[in-house]
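Just coords_38.cif here, mmCIF, C-alpha atoms and all ligand atoms:
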```
data_query
loop_
_atom_site.label_atom_id
_atom_site.label_comp_id
_atom_site.auth_asym_id
_atom_site.auth_seq_id
_atom_site.Cartn_x
_atom_site.Cartn_y
_atom_site.Cartn_z
CA MET I 1 116.13 85.40 101.56
CA SER I 2 119.89 85.90 101.38
CA PRO I 3 121.71 85.41 98.08
CA THR I 4 123.58 82.46 99.57
CA ASN I 5 120.60 80.12 99.74
CA ARG I 6 119.28 81.07 96.31
CA THR I 7 120.04 78.55 93.59
CA TYR I 8 119.61 81.08 90.77
CA PRO I 9 121.11 84.49 90.10
CA SER I 10 119.28 87.66 91.03
CA PHE I 11 117.69 89.65 88.22
CA ARG I 12 120.03 92.52 89.13
CA SER I 13 123.09 90.36 88.38
CA VAL I 14 121.58 88.99 85.15
CA LEU I 15 120.83 92.50 83.93
CA ALA I 16 124.39 93.57 84.73
CA ALA I 17 125.86 90.57 82.92
CA HIS I 18 124.06 91.04 79.60
CA PRO I 19 124.13 93.96 77.18
CA LEU I 20 120.46 93.20 76.54
CA THR I 21 118.41 90.95 78.81
CA ARG I 22 115.70 89.10 76.94
CA ILE I 23 112.68 88.11 79.02
CA ALA I 24 109.73 85.89 78.06
CA GLY I 25 106.28 86.06 79.64
CA ALA I 26 104.80 82.98 81.30
CA HIS I 27 101.89 81.97 83.48
CA SER I 28 103.13 78.53 84.48
CA PRO I 29 106.37 76.82 85.43
CA LEU I 30 106.13 74.82 82.19
CA GLY I 31 106.12 77.99 80.09
CA GLY I 32 108.94 79.41 82.19
CA VAL I 33 111.11 76.32 81.80
CA ILE I 34 110.63 76.30 78.02
CA ALA I 35 111.58 80.00 77.90
CA GLU I 36 114.72 79.25 79.88
CA GLN I 37 115.59 76.25 77.70
CA VAL I 38 115.40 78.25 74.48
CA GLY I 39 117.72 80.87 75.92
CA PHE I 40 115.78 83.65 77.65
CA GLN I 41 117.70 85.17 80.55
CA ALA I 42 114.65 85.84 82.74
CA VAL I 43 110.91 85.11 82.87
CA TRP I 44 108.11 87.66 83.28
CA ALA I 45 105.33 86.39 85.55
CA SER I 46 102.75 88.29 83.53
CA SER I 47 99.50 89.49 85.10
CA PHE I 48 97.88 89.25 81.67
CA GLU I 49 98.96 85.62 81.22
CA ILE I 50 98.24 84.55 84.79
CA SER I 51 94.71 85.94 84.64
CA ALA I 52 94.12 84.66 81.10
CA ALA I 53 95.14 81.18 82.24
CA ARG I 54 92.12 81.36 84.54
CA CYS I 55 89.96 82.88 81.79
CA LEU I 56 89.70 86.09 83.77
CA PRO I 57 90.46 89.63 82.65
CA ASP I 58 93.71 91.31 83.68
CA ALA I 59 91.85 93.80 85.82
CA SER I 60 93.07 93.38 89.42
CA LEU I 61 90.52 90.59 89.90
CA LEU I 62 93.02 88.08 91.20
CA GLY I 63 94.60 88.99 94.50
CA MET I 64 98.23 89.35 95.52
CA THR I 65 98.45 85.87 96.99
CA GLU I 66 97.30 84.34 93.69
CA TYR I 67 99.83 86.31 91.62
CA LEU I 68 102.53 85.56 94.16
CA GLU I 69 101.77 81.85 94.14
CA ALA I 70 101.96 81.81 90.34
CA ALA I 71 105.26 83.75 90.29
CA ALA I 72 106.80 81.67 93.08
CA ASN I 73 105.83 78.39 91.38
CA ILE I 74 107.48 79.59 88.17
CA GLN I 75 110.62 80.65 90.04
CA LYS I 76 110.86 77.26 91.79
CA ALA I 77 111.17 75.52 88.43
CA LEU I 78 113.84 77.84 87.01
CA THR I 79 117.53 78.62 87.21
CA VAL I 80 116.96 82.08 85.72
CA PRO I 81 115.24 84.81 87.73
CA VAL I 82 111.57 85.73 87.57
CA VAL I 83 110.51 89.34 87.16
CA ALA I 84 107.12 89.51 88.85
CA ASP I 85 104.50 91.77 87.29
CA CYS I 86 102.85 93.24 90.38
CA ASP I 87 100.42 95.60 88.64
CA THR I 88 99.80 98.64 90.87
CA GLY I 89 101.34 96.96 93.92
CA PHE I 90 97.88 95.61 94.81
CA GLY I 91 96.63 98.79 96.52
CA ASN I 92 98.31 101.67 98.30
CA SER I 93 101.83 102.04 99.73
CA MET I 94 100.99 99.79 102.67
CA ASN I 95 100.07 97.06 100.20
CA VAL I 96 103.35 97.69 98.38
CA ALA I 97 105.35 97.22 101.58
CA TYR I 98 103.55 93.93 102.27
CA MET I 99 104.00 92.86 98.65
CA VAL I 100 107.76 93.43 98.71
CA ALA I 101 108.14 91.50 101.96
CA GLU I 102 106.10 88.57 100.66
CA TYR I 103 107.71 88.41 97.20
CA GLU I 104 111.18 88.64 98.70
CA ARG I 105 110.36 85.88 101.18
CA ALA I 106 109.23 83.72 98.25
CA GLY I 107 112.62 84.19 96.55
CA ILE I 108 111.54 86.64 93.85
CA THR I 109 114.40 89.05 93.08
CA ALA I 110 112.63 91.61 90.89
CA VAL I 111 109.18 93.18 90.76
CA SER I 112 107.54 95.71 88.50
CA ILE I 113 104.84 98.11 89.65
CA GLU I 114 102.93 100.53 87.45
CA ASP I 115 101.53 104.02 87.95
CA LYS I 116 97.87 103.25 87.20
CA ILE I 117 95.08 103.55 89.73
CA PHE I 118 94.00 100.37 91.55
CA PRO I 119 92.04 98.46 90.26
CA LYS I 120 93.89 98.58 86.97
CA MET I 121 92.88 97.35 83.54
CA ASN I 122 95.17 95.68 81.01
CA SER I 123 97.01 98.28 78.94
CA PHE I 124 95.54 97.12 75.63
CA ALA I 125 91.89 97.00 76.73
CA ALA I 126 89.54 99.80 75.70
CA ALA I 127 89.07 101.27 79.16
CA ASP I 128 89.99 104.11 81.47
CA HIS I 129 93.76 104.16 81.99
CA SER I 130 93.92 107.02 84.47
CA LEU I 131 97.22 107.43 86.24
CA LEU I 132 97.92 107.74 89.90
CA ASP I 133 99.24 111.12 91.05
CA VAL I 134 102.97 111.13 90.29
CA GLY I 135 103.90 111.89 93.91
CA ASP I 136 101.73 109.06 95.20
CA PHE I 137 103.40 106.58 92.85
CA ALA I 138 106.86 107.92 93.76
CA HIS I 139 105.90 107.20 97.37
CA LYS I 140 105.09 103.60 96.38
CA ILE I 141 108.56 103.28 94.84
CA GLU I 142 110.21 104.75 97.96
CA THR I 143 108.17 102.38 100.08
CA ALA I 144 109.16 99.37 97.98
CA LYS I 145 112.85 100.24 98.30
CA LYS I 146 112.51 100.83 102.03
CA ALA I 147 110.65 97.55 102.50
CA GLN I 148 113.22 95.31 100.81
CA SER I 149 115.60 93.45 103.08
CA ASP I 150 118.12 92.21 100.49
CA ASP I 151 120.18 94.79 98.58
CA GLU I 152 119.85 92.60 95.50
CA PHE I 153 116.08 93.13 95.30
CA PHE I 154 115.17 95.08 92.17
CA VAL I 155 112.21 97.41 91.71
CA ILE I 156 111.07 98.39 88.22
CA ALA I 157 108.92 101.53 88.00
CA ARG I 158 106.55 101.23 85.07
CA THR I 159 104.86 104.24 83.61
CA GLU I 160 101.61 103.97 81.72
CA ALA I 161 101.78 107.62 80.63
CA MET I 162 101.97 106.70 76.95
CA ILE I 163 99.23 104.06 77.35
CA SER I 164 96.93 106.69 78.83
CA GLY I 165 97.63 109.04 75.91
CA LEU I 166 99.68 111.58 77.88
CA GLY I 167 102.70 111.18 75.62
CA VAL I 168 106.46 111.03 75.84
CA ASP I 169 106.95 114.21 77.90
CA GLU I 170 104.72 112.96 80.69
CA ALA I 171 106.49 109.58 80.60
CA LEU I 172 109.86 111.36 80.91
CA LYS I 173 108.68 113.60 83.72
CA ARG I 174 107.31 110.64 85.65
CA CYS I 175 110.30 108.38 85.10
CA ASN I 176 112.64 111.10 86.36
CA VAL I 177 110.57 111.39 89.53
CA TYR I 178 110.58 107.59 89.93
CA ALA I 179 114.36 107.52 89.46
CA ASP I 180 114.69 110.17 92.18
CA ALA I 181 112.48 107.98 94.38
CA GLY I 182 114.97 105.11 94.08
CA ALA I 183 113.66 102.92 91.24
CA ASP I 184 116.24 100.47 89.89
CA ALA I 185 114.91 100.64 86.32
CA VAL I 186 111.98 102.11 84.42
CA LEU I 187 109.56 100.31 82.13
CA VAL I 188 107.97 102.44 79.42
CA HIS I 189 104.94 100.84 77.86
CA SER I 190 103.46 101.91 74.53
CA LYS I 191 100.52 100.58 72.54
CA LYS I 192 101.42 102.39 69.34
CA ASP I 193 102.04 100.20 66.30
CA THR I 194 105.51 101.66 65.82
CA LYS I 195 108.47 102.00 68.15
CA ASP I 196 108.69 105.80 67.57
CA GLU I 197 107.25 106.85 70.93
CA VAL I 198 109.63 104.57 72.80
CA ILE I 199 112.60 105.78 70.71
CA ALA I 200 111.68 109.41 71.50
CA PHE I 201 111.68 108.49 75.19
CA LEU I 202 115.07 106.75 74.94
CA ASP I 203 116.66 109.68 73.08
CA ALA I 204 115.65 112.12 75.81
CA TRP I 205 116.25 109.74 78.74
CA GLU I 206 119.99 109.49 78.13
CA ASP I 207 120.51 106.30 80.09
CA ARG I 208 119.63 107.63 83.53
CA LEU I 209 118.48 104.14 84.61
CA PRO I 210 118.04 100.90 82.66
CA VAL I 211 114.98 100.97 80.41
CA VAL I 212 112.67 97.97 79.93
CA VAL I 213 110.28 97.75 76.96
CA VAL I 214 107.41 95.47 75.94
CA PRO I 215 107.23 95.38 72.13
CA THR I 216 103.81 93.74 71.76
CA THR I 217 102.24 96.21 69.32
CA TYR I 218 105.49 96.99 67.51
CA PRO I 219 106.70 93.38 67.10
CA ASP I 220 109.09 94.09 64.24
CA TRP I 221 111.58 95.84 66.52
CA HIS I 222 114.58 93.53 66.48
CA ALA I 223 116.22 92.97 69.86
CA ASP I 224 119.60 94.17 68.54
CA GLU I 225 118.06 97.41 67.32
CA ALA I 226 116.32 97.92 70.67
CA HIS I 227 119.67 97.48 72.38
CA THR I 228 121.35 99.98 70.06
CA ALA I 229 118.56 102.46 70.83
CA GLY I 230 119.36 102.21 74.56
CA VAL I 231 117.08 99.43 75.83
CA SER I 232 118.47 97.23 78.65
CA ALA I 233 115.73 94.60 78.78
CA VAL I 234 112.98 93.52 76.42
CA ILE I 235 109.91 91.58 77.54
CA TYR I 236 108.00 89.33 75.12
CA ALA I 237 105.09 89.46 77.52
CA ASN I 238 102.37 87.30 76.00
CA GLN I 239 103.56 85.65 72.78
CA GLY I 240 103.90 82.28 74.59
CA LEU I 241 100.32 82.41 75.79
CA ARG I 242 99.08 83.38 72.35
CA ALA I 243 101.07 80.56 70.74
CA THR I 244 99.59 78.10 73.22
CA ILE I 245 96.04 79.22 72.46
CA THR I 246 96.53 78.76 68.73
CA SER I 247 98.28 75.38 69.08
CA LEU I 248 95.71 73.99 71.48
CA ARG I 249 92.82 75.18 69.38
CA ASN I 250 94.28 73.66 66.23
CA ALA I 251 95.26 70.35 67.81
CA LEU I 252 92.10 69.71 69.80
CA GLY I 253 89.89 70.97 66.99
CA SER I 254 91.55 68.61 64.56
CA ILE I 255 91.26 65.61 66.91
CA TYR I 256 87.60 66.32 67.41
CA GLU I 257 86.95 66.73 63.71
CA THR I 258 88.85 63.67 62.49
CA GLY I 259 88.05 61.37 65.41
CA HIS I 260 91.71 60.43 65.98
CA SER I 261 95.11 62.00 66.62
CA ALA I 262 97.41 60.00 64.35
CA HIS I 263 98.07 62.91 61.98
CA LEU I 264 99.27 65.06 64.86
CA GLU I 265 101.84 62.69 66.31
CA ASP I 266 104.78 64.24 64.47
CA SER I 267 103.83 67.81 65.29
CA ILE I 268 103.06 67.61 69.00
CA ALA I 269 105.53 67.00 71.83
CA GLY I 270 106.07 63.34 72.61
CA VAL I 271 105.43 61.87 76.03
CA LYS I 272 109.21 61.59 76.50
CA ASP I 273 109.50 65.32 75.99
CA VAL I 274 106.97 65.79 78.79
CA PHE I 275 108.95 63.40 81.02
CA ALA I 276 112.08 65.48 80.38
CA LEU I 277 110.30 68.70 81.35
CA GLN I 278 109.12 66.91 84.51
CA ARG I 279 112.73 65.83 85.16
CA LEU I 280 111.28 62.38 85.72
CA ASP I 281 114.63 60.59 85.61
CA GLN I 282 115.97 62.72 88.46
CA TRP I 283 112.92 61.93 90.55
CA GLN I 284 113.16 58.24 89.75
CA GLU I 285 116.67 58.18 91.22
CA PHE I 286 114.98 58.43 94.60
CA THR I 287 113.42 55.01 94.11
CA ALA I 288 116.40 53.31 92.42
C1 LIG I 301 101.54 91.74 81.28
O1 LIG I 301 102.07 90.90 80.54
O2 LIG I 301 100.74 91.45 82.15
C2 LIG I 301 101.86 93.15 81.13
C3 LIG I 301 102.22 93.64 79.80
O3 LIG I 301 101.73 93.88 82.08
S1 LIG I 301 100.74 94.13 79.06
O4 LIG I 301 99.84 93.02 79.00
O5 LIG I 301 101.13 94.59 77.75
O6 LIG I 301 100.19 95.22 79.84
MG MG I 302 100.55 93.04 83.58
#
```

Taking this structure as input, can you express it in the form of C-alpha cells?
Ligand code: SPV
Ligand code: MG
Amino acid sequence: MSPTNRTYPSFRSVLAAHPLTRIAGAHSPLGGVIAEQVGFQAVWASSFEISAARCLPDASLLGMTEYLEAAANIQKALTVPVVADCDTGFGNSMNVAYMVAEYERAGITAVSIEDKIFPKMNSFAAADHSLLDVGDFAHKIETAKKAQSDDEFFVIARTEAMISGLGVDEALKRCNVYADAGADAVLVHSKKDTKDEVIAFLDAWEDRLPVVVVPTTYPDWHADEAHTAGVSAVIYANQGLRATITSLRNALGSIYETGHSAHLEDSIAGVKDVFALQRLDQWQEFTA
C-alpha cells in the first residue's frame, strides 16, 4: 500500500513527530478507538489481548491470519497507526517474509517481532522462555526489511533476553546485532518490578535506535521520566483489557445479584455513547 491511499499516518512518521509516543494495547476496534480518543498516538494490537479476548493463552495458538484480521480491523477504525504484535513472526524467516507482505497489504505500517522460539509463551507466564539463536533472529529482521515494499514500513526488534533471565548485557548484545541487521527500533521487555534493568539498558545503549518499553510490572514509571531516560515509545499493553475484565465482572455481577440495572445507569456508558462510537449519524446520512 502506498502512503498516498492511506488515510492515517505511518507509525514511522508518528514516532518522528513526538518526543515520546504513547501507545495503548487493544484487541478490538472499540478499544482502539477509545485509546485514540483519549489521546494515544498509536495502538498496539497485542497478542496477549487478542488471545485473551478468545479466552485462549498467548502461546502461538492463534495463527497469523487471526492476528492479522484483528490488527487490520483495529486499523480500519482508527486515524492513528497500529503497531502489530507479531510474536516470533509466526515461524521461521519464510513465515516472516509472508507476514510482512500480508501485514503491509492490510495497511499496517509497523510490526514487532521477538527473539523467542516458536511457539512462544507470554512473557509473564511461568514457562520456558528460551531464545532463538541471535544470528537466526537477525536473519528474521533482515528478511522483514527485505520483504517490505514501502519504505515507511517499520520493524521493531524485540528482545526477550531480560525476560529469559539472561540480563542486560545479553539484551544489549542482541539489540546491537538486530540494529546491524536493519531493525528500525528495539523493544526491551522486562518483568522486574522496578525499571532498573531497563534504565541500565538505556544508559549503555546511547540512543543507537529508538527504544520501546512495556512498563507492565513497573507501572509507576511516569511517561515523562521514561522519556528523560531515553525511551522513544511506551506501550501500555494490557491495562485496557484488565480494566474491561474488572468493569464487566462488577457490572454483570451486580445486575445478577440485584435483579435490575438501575443503580448502574450513571456509571456505565449510555446508548448514545455507543452510537457515537459506531459513528451512527455518519452512516445514517446515507439514508437521509
Ligand atoms: C502483548 O501485549 O501481547 C505483549 C506484551 O507482547 S506482554 O504481554 O507483556 O508480553
Ligand atoms: Mg505479545

Mind listing the residues within 8 Å of ligand MG 302 (chain I), all atoms listed in the file counted, as a PyMOL selection string? chain I and resi 46-49+58+85-87+122-123

Residues within 10 Å of I:Leu202, only C-alpha atoms, excluding chain neighbours under 6 positions, as a list in words: Val168, Leu172, Val188, Asp196, Arg208, Val211, Ala226, Ala229, Gly230 and Val231 of chain I

If you measure from atom CA of I:Ala45 to atom C2 of ligand LIG 301 (chain I), what distance in Å do you get, rounded to one decimal?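 A separation of 8.8 Å between them.
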
Within 12 Å of I:Ser13, counting all atoms listed in the file, which residues show up once you throw out same-chain ones fewer than 2 positions away? Write them as number ranges by chain, please. I: 3, 8-11, 15-19, 21, 41-42, 80-81, 109-110, 151-154

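Distances here use all atoms listed in the file; by that measure, the residue among I:Leu187, I:Leu252, I:Ala179, I:Ala262 closest to ligand LIG 301 (chain I) is I:Leu187.
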
Using all atoms listed in the file, which residues of the polymer chains come no farther than 10 Å from ligand LIG 301 (chain I)? I'd like the answer as a ChimeraX atom specification. /I:24-27,44-52,58-59,84-87,112-114,121-125,158,160,163,189-191,213-217,235-239,241

Between atom CA of I:Phe118 and atom CA of I:Gly91, what is the spacing in Å?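 Spanning atom CA of I:Gly91 to atom CA of I:Phe118 is a straight-line distance of 5.8 Å.
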
Around (108.9, 109.0, 72.5), as given in the file, which residues come within 9 Å? Count only C-alpha atoms and list them as JSON, numbers by chain. {"I": [162, 167, 168, 169, 171, 172, 195, 196, 197, 198, 199, 200, 201, 202, 203, 204]}

Taking into account all atoms listed in the file, which residue in the set I:Ala276, I:Leu132, I:Val83, I:Ala251 is nearest to I:Tyr67?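 Counting all atoms listed in the file, the residue closest to I:Tyr67 is I:Val83.
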
So which one's closest to I:Met64, I:Glu102, I:Asp184, I:Asp220, I:Glu265? Using all atoms listed in the file, please. I:Glu102

Compare I:Pro29, I:Pro119, I:Pro210, I:Gly165 by their minimum atom-to-atom distance to I:Asn92, counting only C-alpha atoms, and give me the closest one. I:Pro119

Please report the interatomic distance between atom CA of I:Tyr98 and atom CA of I:Ser130 in Å with one decimal.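 Separating atom CA of I:Tyr98 from atom CA of I:Ser130 is a distance of 24.1 Å.
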
Give me the residues within 12 Å of I:Asn73 as JSON, numbers by chain, counting only C-alpha atoms and dropping any in the same chain fewer than 2 places off. {"I": [26, 27, 28, 29, 30, 31, 32, 33, 43, 45, 50, 65, 66, 67, 68, 69, 70, 71, 75, 76, 77, 78, 81, 82, 84, 103, 106, 107, 108]}

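With all atoms listed in the file as the atoms that count, the residue of I:Ala243, I:Asp150, I:Val177, I:Leu264 with the shortest distance to I:Arg12 is I:Asp150.
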
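Shell of I:Gly89 at 7 Å, with only C-alpha atoms counted and residues fewer than 6 places along the chain excluded, is Asn95, Val96, Met99 and Ile113 of chain I.
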